[in-house]
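Chemist: This is input.cif (mmCIF, C-alpha atoms).
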```cif
data_final
loop_
_atom_site.label_atom_id
_atom_site.label_comp_id
_atom_site.auth_asym_id
_atom_site.auth_seq_id
_atom_site.Cartn_x
_atom_site.Cartn_y
_atom_site.Cartn_z
CA MET A 2 -85.99 -28.25 48.65
CA ILE A 3 -84.19 -30.78 50.81
CA SER A 4 -83.24 -28.08 53.23
CA GLN A 5 -86.89 -27.08 53.43
CA VAL A 6 -87.85 -30.63 54.30
CA VAL A 7 -85.14 -30.81 56.94
CA ARG A 8 -86.22 -27.47 58.25
CA SER A 9 -89.83 -28.52 58.60
CA LEU A 10 -88.81 -31.80 60.21
CA VAL A 11 -86.64 -29.98 62.70
CA LEU A 12 -89.42 -27.50 63.27
CA GLY A 13 -91.85 -30.33 63.88
CA ALA A 14 -89.50 -32.02 66.32
CA CYS A 15 -88.98 -28.70 67.98
CA VAL A 16 -92.65 -27.91 68.39
CA GLY A 17 -93.11 -31.36 69.84
CA LEU A 18 -90.30 -30.96 72.32
CA MET A 19 -90.60 -27.36 73.34
CA GLY A 20 -93.91 -26.13 72.08
CA CYS A 21 -92.27 -23.14 70.48
CA ALA A 22 -93.72 -20.83 67.87
CA PRO A 23 -92.19 -18.94 64.94
CA SER A 24 -90.41 -15.68 65.75
CA LEU A 25 -92.46 -12.65 66.63
CA TYR A 26 -89.78 -10.23 65.45
CA ASP A 27 -86.95 -9.84 63.02
CA TRP A 28 -84.03 -9.08 65.31
CA GLY A 29 -81.41 -8.41 62.66
CA GLN A 30 -78.14 -7.77 64.48
CA TYR A 31 -79.63 -6.58 67.73
CA GLU A 32 -77.56 -8.92 69.87
CA ASP A 33 -74.42 -7.99 68.00
CA SER A 34 -75.20 -4.32 68.57
CA LEU A 35 -75.12 -5.00 72.31
CA TYR A 36 -72.05 -7.21 72.07
CA THR A 37 -70.17 -4.57 70.11
CA ARG A 38 -70.87 -1.97 72.76
CA GLN A 39 -69.98 -4.36 75.54
CA GLN A 40 -66.62 -5.07 73.94
CA ASP A 41 -65.88 -1.54 72.86
CA ALA A 42 -67.62 1.21 74.79
CA SER A 43 -65.79 3.93 72.86
CA GLU A 44 -67.37 6.11 70.22
CA SER A 45 -66.37 3.78 67.42
CA GLY A 46 -68.03 0.80 69.14
CA GLN A 47 -71.15 2.86 69.60
CA ALA A 48 -71.09 4.01 65.99
CA GLU A 49 -70.92 0.40 64.86
CA ALA A 50 -73.81 -0.56 67.13
CA PHE A 51 -75.76 2.43 65.86
CA LYS A 52 -75.48 1.18 62.27
CA MET A 53 -76.79 -2.23 63.28
CA LEU A 54 -79.79 -0.72 65.05
CA GLU A 55 -80.41 1.63 62.16
CA ALA A 56 -80.58 -1.35 59.78
CA ILE A 57 -83.25 -2.99 61.95
CA VAL A 58 -85.27 0.21 62.15
CA LEU A 59 -85.06 0.93 58.41
CA GLU A 60 -85.88 -2.62 57.43
CA ALA A 61 -88.86 -2.85 59.76
CA ASP A 62 -90.18 0.52 58.61
CA ALA A 63 -89.78 -0.42 54.94
CA LYS A 64 -91.52 -3.77 55.37
CA ASN A 65 -94.02 -2.53 57.89
CA TYR A 66 -92.81 -4.97 60.54
CA ARG A 67 -93.12 -4.32 64.22
CA VAL A 68 -89.69 -3.34 65.55
CA PRO A 69 -88.70 -5.57 68.51
CA PRO A 70 -89.20 -4.18 72.03
CA GLY A 71 -86.50 -1.77 73.08
CA VAL A 72 -84.97 -1.18 69.64
CA TYR A 73 -86.42 2.30 69.06
CA ALA A 74 -85.52 3.25 72.62
CA ASP A 75 -81.98 1.95 72.30
CA TYR A 76 -81.59 3.69 68.97
CA GLY A 77 -82.85 6.91 70.56
CA TYR A 78 -80.42 6.44 73.42
CA LEU A 79 -77.48 6.23 71.03
CA LEU A 80 -78.75 9.32 69.20
CA PHE A 81 -78.86 11.12 72.54
CA LYS A 82 -75.29 10.07 73.29
CA GLN A 83 -74.27 11.44 69.90
CA GLY A 84 -75.60 14.83 70.97
CA LYS A 85 -78.83 14.70 68.97
CA PRO A 86 -81.53 15.18 71.60
CA ASP A 87 -84.33 16.11 69.21
CA GLN A 88 -83.85 13.03 67.07
CA ALA A 89 -83.52 10.96 70.22
CA ILE A 90 -86.89 12.21 71.46
CA THR A 91 -88.49 11.19 68.15
CA TYR A 92 -87.45 7.59 68.72
CA PHE A 93 -88.33 7.55 72.41
CA ARG A 94 -91.81 8.67 71.34
CA LYS A 95 -91.97 5.90 68.73
CA GLU A 96 -91.11 3.33 71.38
CA ALA A 97 -93.86 4.67 73.64
CA VAL A 98 -96.45 4.55 70.86
CA LEU A 99 -95.48 1.06 69.71
CA TYR A 100 -95.20 -0.39 73.22
CA LYS A 101 -97.44 1.25 75.79
CA GLU A 102 -95.54 -0.62 78.56
CA SER A 103 -92.61 1.71 77.85
CA LYS A 104 -94.60 4.96 77.91
CA TYR A 105 -93.93 5.71 81.57
CA LEU A 106 -90.15 5.44 81.15
CA MET A 107 -90.06 7.12 77.74
CA ASP A 108 -92.10 10.08 79.01
CA SER A 109 -89.79 10.48 81.96
CA ILE A 110 -86.67 10.34 79.77
CA ILE A 111 -88.17 12.83 77.30
CA SER A 112 -89.08 15.28 80.03
CA ARG A 113 -85.58 15.03 81.49
CA ILE A 114 -84.04 15.76 78.09
CA GLU A 115 -86.37 18.71 77.58
CA GLN A 116 -85.59 20.13 81.01
CA ARG A 117 -81.92 19.89 80.26
CA LYS A 118 -82.42 21.76 77.00
CA LEU A 119 -84.06 24.66 78.88
CA GLN A 120 -81.16 25.04 81.28
CA MET B 23 -88.80 -14.08 59.45
CA LYS B 24 -86.38 -16.63 60.69
CA SER B 25 -87.50 -19.31 63.07
CA ALA B 26 -86.32 -19.31 66.63
CA CYS B 27 -86.81 -23.05 66.70
CA LEU B 28 -83.75 -24.22 64.81
CA PRO B 29 -81.13 -23.49 67.44
CA ILE B 30 -83.39 -24.89 70.11
CA ALA B 31 -83.99 -28.11 68.25
CA PHE B 32 -80.27 -28.36 67.69
CA LEU B 33 -79.70 -27.85 71.35
CA ALA B 34 -82.26 -30.44 72.33
CA ILE B 35 -80.24 -32.96 70.39
CA LEU B 36 -76.93 -31.62 71.53
CA SER B 37 -77.43 -31.36 75.23
CA LEU B 38 -80.22 -33.11 76.98
CA GLU B 39 -78.46 -32.85 80.28
CA ALA B 40 -80.06 -29.46 80.59
CA CYS B 41 -82.79 -30.96 82.69
CA ALA B 42 -85.24 -29.58 85.15
CA THR B 43 -84.81 -30.30 88.82
CA GLY B 44 -87.00 -29.82 91.82
CA PRO B 45 -90.75 -29.94 92.23
CA LYS B 46 -93.21 -28.75 89.65
CA PRO B 47 -93.44 -24.99 89.88
CA ASP B 48 -96.54 -23.27 91.18
CA TYR B 49 -97.90 -20.68 88.76
CA SER B 50 -100.68 -19.26 90.90
CA LYS B 51 -98.70 -16.14 91.83
CA PHE B 52 -97.69 -15.68 88.22
CA PHE B 53 -101.23 -15.75 86.91
CA GLU B 54 -102.40 -13.54 89.73
CA HIS B 55 -100.10 -10.77 88.51
CA HIS B 56 -99.36 -11.74 84.90
CA PRO B 57 -96.89 -8.99 83.95
CA ARG B 58 -96.83 -7.32 80.53
CA SER B 59 -93.31 -5.97 80.89
CA ILE B 60 -90.01 -7.27 82.25
CA LEU B 61 -87.12 -5.16 83.46
CA ILE B 62 -83.94 -7.21 83.12
CA VAL B 63 -81.31 -5.89 85.52
CA PRO B 64 -77.58 -6.73 85.32
CA PRO B 65 -76.96 -10.30 86.49
CA PHE B 66 -75.40 -11.24 89.79
CA ASN B 67 -72.13 -13.02 89.09
CA LYS B 68 -71.17 -16.00 91.19
CA THR B 69 -68.32 -16.96 88.92
CA THR B 70 -64.78 -15.62 88.68
CA ALA B 71 -65.30 -14.48 85.10
CA VAL B 72 -65.59 -10.73 85.51
CA ASP B 73 -66.88 -10.19 81.99
CA ALA B 74 -69.70 -12.72 82.35
CA PRO B 75 -72.52 -10.32 83.38
CA GLY B 76 -71.95 -7.91 80.50
CA PHE B 77 -71.84 -10.64 77.89
CA PHE B 78 -74.72 -12.52 79.45
CA LEU B 79 -76.80 -9.37 79.29
CA THR B 80 -76.41 -9.23 75.51
CA THR B 81 -78.15 -12.61 75.11
CA ILE B 82 -81.20 -12.34 77.29
CA SER B 83 -83.59 -9.81 75.72
CA GLU B 84 -84.57 -11.88 72.72
CA PRO B 85 -85.97 -15.03 74.37
CA PHE B 86 -88.10 -13.05 76.82
CA ALA B 87 -89.38 -10.69 74.13
CA GLU B 88 -90.07 -13.62 71.82
CA LYS B 89 -92.23 -15.10 74.55
CA GLY B 90 -94.44 -12.05 74.16
CA TYR B 91 -93.23 -9.62 76.83
CA TYR B 92 -92.13 -6.04 76.60
CA VAL B 93 -88.47 -6.10 77.58
CA PHE B 94 -86.80 -2.83 78.51
CA PRO B 95 -83.53 -2.15 76.63
CA VAL B 96 -80.87 -3.71 78.84
CA PHE B 97 -78.04 -1.21 78.48
CA LEU B 98 -80.30 1.80 78.92
CA THR B 99 -81.62 0.06 82.04
CA ARG B 100 -78.09 -0.57 83.30
CA ASP B 101 -77.10 3.07 82.79
CA ILE B 102 -80.21 4.37 84.55
CA LEU B 103 -79.49 2.07 87.50
CA ILE B 104 -75.96 3.47 87.67
CA ASP B 105 -77.49 6.97 87.71
CA MET B 106 -79.69 5.84 90.58
CA GLY B 107 -76.60 4.77 92.49
CA LEU B 108 -77.27 1.06 92.01
CA PRO B 109 -74.36 -0.04 89.87
CA ASP B 110 -73.53 -3.24 91.69
CA GLU B 111 -75.44 -6.39 90.91
CA GLY B 112 -75.17 -7.46 94.53
CA VAL B 113 -77.24 -4.56 95.87
CA LEU B 114 -80.00 -4.86 93.30
CA SER B 115 -81.67 -7.81 94.96
CA GLN B 116 -81.95 -5.79 98.15
CA VAL B 117 -83.75 -2.92 96.46
CA GLN B 118 -87.47 -2.70 97.17
CA PRO B 119 -89.09 -4.11 94.02
CA GLN B 120 -91.53 -1.18 94.03
CA ARG B 121 -88.63 1.14 93.25
CA PHE B 122 -88.26 -0.52 89.86
CA ARG B 123 -91.90 0.27 89.20
CA GLU B 124 -91.43 3.90 90.24
CA ALA B 125 -88.31 4.41 88.16
CA PHE B 126 -89.16 2.38 85.06
CA GLY B 127 -92.89 1.65 85.14
CA ALA B 128 -91.99 -2.04 84.93
CA ASP B 129 -94.52 -4.71 85.93
CA SER B 130 -91.82 -7.18 86.88
CA VAL B 131 -88.08 -7.33 87.38
CA LEU B 132 -85.88 -10.26 86.39
CA PHE B 133 -82.92 -11.14 88.57
CA VAL B 134 -80.41 -13.50 87.05
CA THR B 135 -77.61 -15.22 88.92
CA ILE B 136 -74.79 -16.58 86.79
CA LYS B 137 -73.67 -19.79 88.46
CA ALA B 138 -71.25 -21.13 85.88
CA TRP B 139 -69.33 -19.57 83.00
CA THR B 140 -66.45 -21.95 82.65
CA THR B 141 -64.30 -23.99 80.34
CA THR B 142 -62.67 -27.13 81.69
CA TYR B 143 -60.10 -29.35 80.05
CA VAL B 144 -59.78 -33.00 80.87
CA LEU B 145 -57.26 -34.90 78.79
CA LEU B 146 -58.56 -34.85 75.26
CA PHE B 147 -61.80 -33.13 76.09
CA SER B 148 -62.82 -29.60 76.70
CA SER B 149 -66.17 -28.68 78.07
CA VAL B 150 -67.88 -25.32 78.25
CA THR B 151 -70.60 -24.72 80.83
CA VAL B 152 -73.04 -21.89 81.34
CA GLU B 153 -75.51 -22.07 84.19
CA ALA B 154 -77.95 -19.44 85.36
CA ALA B 155 -80.80 -19.05 87.82
CA TYR B 156 -83.72 -16.76 87.02
CA LYS B 157 -86.11 -15.07 89.41
CA LEU B 158 -88.98 -12.90 88.22
CA VAL B 159 -90.42 -10.57 90.86
CA ASP B 160 -93.70 -8.67 90.69
CA THR B 161 -92.92 -4.99 91.28
CA ASP B 162 -96.25 -4.30 92.94
CA SER B 163 -96.46 -7.01 95.57
CA GLY B 164 -92.75 -7.87 95.67
CA GLU B 165 -93.64 -11.55 95.27
CA VAL B 166 -91.55 -14.01 93.28
CA ILE B 167 -93.81 -15.05 90.40
CA TRP B 168 -91.51 -17.33 88.39
CA GLU B 169 -88.25 -19.12 88.97
CA ALA B 170 -86.06 -21.26 86.79
CA SER B 171 -82.58 -22.67 86.66
CA GLN B 172 -80.77 -23.78 83.56
CA LYS B 173 -77.46 -25.40 82.79
CA VAL B 174 -76.05 -25.95 79.33
CA VAL B 175 -72.91 -27.94 78.68
CA GLN B 176 -71.12 -28.27 75.41
CA ASP B 177 -68.43 -30.88 75.05
CA SER B 178 -65.94 -30.42 72.30
CA SER B 179 -64.61 -33.92 72.42
CA GLY B 180 -63.18 -33.65 68.96
CA GLY B 181 -64.45 -36.78 67.36
CA GLY B 182 -63.02 -35.48 64.12
CA GLY B 183 -61.60 -38.94 63.60
CA SER B 184 -59.33 -37.77 60.84
CA GLY B 185 -56.76 -40.42 61.67
CA GLY B 186 -53.25 -39.79 62.89
CA GLY B 187 -53.54 -42.11 65.88
CA LEU B 188 -53.10 -41.02 69.44
CA VAL B 189 -50.43 -38.45 68.69
CA GLY B 190 -52.64 -36.86 66.08
CA ALA B 191 -55.51 -36.82 68.56
CA LEU B 192 -53.35 -35.26 71.24
CA VAL B 193 -52.06 -32.57 68.92
CA GLY B 194 -55.58 -31.94 67.71
CA ALA B 195 -56.86 -31.58 71.26
CA ALA B 196 -54.00 -29.29 72.22
CA VAL B 197 -54.66 -27.06 69.25
CA LYS B 198 -58.35 -27.03 70.00
CA ALA B 199 -57.73 -26.22 73.66
CA ALA B 200 -55.39 -23.41 72.70
CA LEU B 201 -57.95 -22.00 70.31
CA HIS B 202 -60.68 -22.23 72.90
CA ALA B 203 -58.58 -20.53 75.53
CA VAL B 204 -58.44 -17.48 73.31
CA ILE B 205 -61.84 -17.34 71.73
CA THR B 206 -64.30 -19.21 73.90
CA ASP B 207 -67.56 -17.51 73.09
CA TYR B 208 -70.05 -18.27 75.82
CA ARG B 209 -72.84 -16.39 74.15
CA PRO B 210 -74.34 -19.32 72.22
CA LEU B 211 -74.58 -21.29 75.44
CA ALA B 212 -75.99 -18.36 77.36
CA ARG B 213 -78.53 -17.86 74.60
CA GLN B 214 -79.49 -21.53 74.75
CA ALA B 215 -79.81 -21.48 78.53
CA ASN B 216 -82.09 -18.45 78.30
CA SER B 217 -84.23 -19.94 75.55
CA LEU B 218 -84.63 -23.22 77.39
CA ALA B 219 -85.48 -21.56 80.68
CA VAL B 220 -88.20 -19.51 79.02
CA ARG B 221 -89.61 -22.10 76.63
CA LYS B 222 -89.56 -25.31 78.57
CA GLN B 223 -92.97 -26.87 78.83
CA ARG B 224 -94.46 -26.87 82.31
CA SER B 225 -91.61 -24.95 83.91
CA GLY B 226 -91.08 -22.14 81.37
CA LEU B 227 -92.67 -18.74 81.19
CA PRO B 228 -96.31 -18.56 80.04
CA THR B 229 -96.85 -16.47 76.92
CA GLY B 230 -96.95 -12.69 77.33
CA PRO B 231 -99.29 -10.12 75.75
CA TYR B 232 -97.52 -9.91 72.37
CA GLY B 233 -97.51 -13.66 71.79
CA SER B 234 -100.27 -15.41 69.88
CA ASP B 235 -100.80 -17.88 72.74
CA TYR B 236 -101.40 -15.15 75.29
CA GLN B 237 -104.00 -16.34 77.78
CA LYS B 238 -104.42 -19.53 75.74
CA ASP B 239 -101.56 -21.57 77.12
CA TYR B 240 -102.52 -21.48 80.79
CA ALA B 241 -103.46 -25.12 80.76
CA ASN B 242 -99.83 -26.03 80.00
CA TYR B 243 -98.79 -24.65 83.34
CA ARG B 244 -101.67 -25.75 85.50
CA ASP B 245 -102.83 -29.09 86.70
#
```
Please go through the file and, once you have read it, give me the structure as structure tokens.
Modeler:
Amino acid sequence: MISQVVRSLVLGACVGLMGCAPSLYDWGQYEDSLYTRQQDASESGQAEAFKMLEAIVLEADAKNYRVPPGVYADYGYLLFKQGKPDQAITYFRKEAVLYKESKYLMDSIISRIEQRKLQ
Amino acid sequence: MKSACLPIAFLAILSLEACATGPKPDYSKFFEHHPRSILIVPPFNKTTAVDAPGFFLTTISEPFAEKGYYVFPVFLTRDILIDMGLPDEGVLSQVQPQRFREAFGADSVLFVTIKAWTTTYVLLFSSVTVEAAYKLVDTDSGEVIWEASQKVVQDSSGGGGSGGGLVGALVGAAVKAALHAVITDYRPLARQANSLAVRKQRSGLPTGPYGSDYQKDYANYRD
């Protein structure tokens, strides 16, 4: 209760100072997923990052939230690096559908993956 | 959903020296182009901390996306740029902005320069500083449509006041300095710098297409 009051006071002060709004997205451990990869670019670092992204994707899907920009694409990218091009394409497509701004890049990545599969 | 406001409010109390300098920015170019998407490329590092760009990059997507923009995934972007033969931050600012549109379909590209990423120790005090300059460029016209600069300083002056006199204070400071030398995590400060740069009234970034204030907050940036 008290913490709620404090929270709303802080929020009020914050809106006054910065004019900020509540979060648009639930980011989960997105930043940590990047940090982990930055610190440890090996397969184990990537596997750890993959789990963090997977949690965001599963949670958003279960609750019908909008996944933050870039998360599906990043998740697809890690799938691709794990040698799963078909699953990767699924998530690149999801990114393109959810965020039309990404369609151009996602389409070009997908067509490059498909070309590579033909070779 | 958690609120993005708490850390910012905390920061506002913590460090009001993060102040704006220079004349009031002109938003006419911004509103002329009003991008929907932002391509964040690896920062240019003006500090001696070689790991600064990589760590900085982990903190910057959220504030720009929370302001309502589509932000391209930063590591995928970095890897594609390497594929394109543009691995070095220094050369990126010389690339024709239109190339970022051709390769990524991005409306705008954000160049960040890291100006400070440092810890200094003065007697009993240690102070961590992160400073960055931001430049958003329209990938169609090549024009700069938004610029900001942000510095965040955190003093760990102890203040524990747990007694022990001067010797206690000295030992405490030495221990603290030793700890900091090993584990200084600049990310919270980088995150704060990014949030402030984006959200500051009058000099921040107007709301993008996914924000509820899209096209409603223009008045805050014009007069």
Chemist: Can you build me a table of chain A residues sitting at most 6 Å from chain B, with the closest atom pair per residue and its distance in Å to one decimal, using all atoms listed in the file, sorted by chain and residue number, as a tab-separated table?
Modeler:
```
residue	atom	partner	partner_atom	distance
A:Cys15	CA	B:Ala31	CA	5.0
A:Met19	CA	B:Lys222	CA	5.7
A:Pro23	CA	B:Ser25	CA	5.1
A:Ser24	CA	B:Ser25	CA	5.4
A:Leu25	CA	B:Glu88	CA	5.8
A:Asp27	CA	B:Met23	CA	5.8
A:Glu32	CA	B:Thr80	CA	5.8
A:Leu35	CA	B:Thr80	CA	5.5
A:Tyr36	CA	B:Thr80	CA	5.9
A:Pro70	CA	B:Tyr92	CA	5.7
A:Gly71	CA	B:Pro95	CA	4.6
A:Tyr105	CA	B:Gly127	CA	5.5
A:Leu106	CA	B:Phe126	CA	5.1
```
Chemist: Would you kindly return, as a PyMOL selection string, each protein, DNA or RNA residue with an atom no farther than 10 Å from any atom of A:Val68, considering only C-alpha atoms and excluding same-chain residues fewer than 3 positions away?
Modeler: chain A and resi 25-28+57-62+65+71-73+96+99-100
Chemist: Take the point (-84.0, 13.8, 80.1) in the file's coordinates, draw a sphere of radius 12 Å around it, and report as a list in words every protein, DNA or RNA residue with an atom inside or on it, counting only C-alpha atoms.
Modeler: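 Residues lying no farther than 12 Å from the given point: Gly77, Tyr78, Phe81, Lys82, Pro86, Asp87, Ala89, Ile90, Phe93, Leu106, Met107, Asp108, Ser109, Ile110, Ile111, Ser112, Arg113, Ile114, Glu115, Gln116, Arg117, Lys118, Leu119 and Gln120 of chain A; Ile102 of chain B.
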Chemist: If you apply the PyMOL selection byres ((chain B and resi 210-213) around 8) to this file, what residues do you get, as a list in words?
Modeler: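 Against this file, the PyMOL selection byres ((chain B and resi 210-213) around 8) returns the residues Phe78, Thr81, Ile82, Pro85, Thr151, Val152, Glu153, Val174, Val175, Gln176, Asp207, Tyr208, Arg209, Gln214, Ala215, Asn216 and Ser217 of chain B.
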Chemist: For a test of reading the model, state the distance in Å between atom CA of B:Trp168 and atom CA of B:Thr70, rounded to one decimal.
Modeler: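 Atom-to-atom, atom CA of B:Trp168 and atom CA of B:Thr70 are spaced 26.8 Å apart.
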Chemist: Just want the 10 Å neighbourhood of B:Glu165, counted on all atoms listed in the file, with same-chain residues fewer than 3 positions away dropped. Output as a tab-separated table (two decimals) with C-alpha atoms, in the coordinates of the input.
Modeler:
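Produced file selection-v8.tsv, reproduced below:
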```tsv
chain	number	residue	atom	x	y	z
B	51	LYS	CA	-98.70	-16.14	91.83
B	52	PHE	CA	-97.69	-15.68	88.22
B	55	HIS	CA	-100.10	-10.77	88.51
B	119	PRO	CA	-89.09	-4.11	94.02
B	130	SER	CA	-91.82	-7.18	86.88
B	158	LEU	CA	-88.98	-12.90	88.22
B	159	VAL	CA	-90.42	-10.57	90.86
B	160	ASP	CA	-93.70	-8.67	90.69
B	161	THR	CA	-92.92	-4.99	91.28
B	162	ASP	CA	-96.25	-4.30	92.94
B	168	TRP	CA	-91.51	-17.33	88.39
```
Chemist: Have a look at atom CA of B:Glu111 and atom CA of A:Ser43 and let me know their distance in Å, one decimal.
Modeler: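 The value is 22.9 Å.
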Chemist: Evaluated on this file, the PyMOL selection byres ((chain B and resi 68) around 6) picks out some residues - which ones are they, written as a list in words?
Modeler: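 Expected selection for the PyMOL selection byres ((chain B and resi 68) around 6) here is Asn67, Thr69, Ile136 and Lys137 of chain B.
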Chemist: So what do you get for atom CA of A:Asp33 versus atom CA of A:Ala56, distance-wise?
Modeler: 12.2 Å
Chemist: Out of A:Arg94, A:Leu80, A:Lys101, A:Gln88, which residue has the shortest atom-to-atom distance to A:Lys52 when counting all atoms listed in the file?
Modeler: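 Among A:Arg94, A:Leu80, A:Lys101, A:Gln88, it is A:Leu80 that comes nearest to A:Lys52.
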Chemist: Which is closest to A:Pro69 among B:Gln120, B:Phe66, B:Phe86, B:Thr135, if we use only C-alpha atoms?
Modeler: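 Using only C-alpha atoms, A:Pro69 sits closest to B:Phe86.
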Chemist: For a quick check of understanding, using all atoms listed in the file, which of B:Pro57, B:Thr206, B:Ser115, B:Arg100 has the smallest distance to B:Thr142?
Modeler: B:Thr206
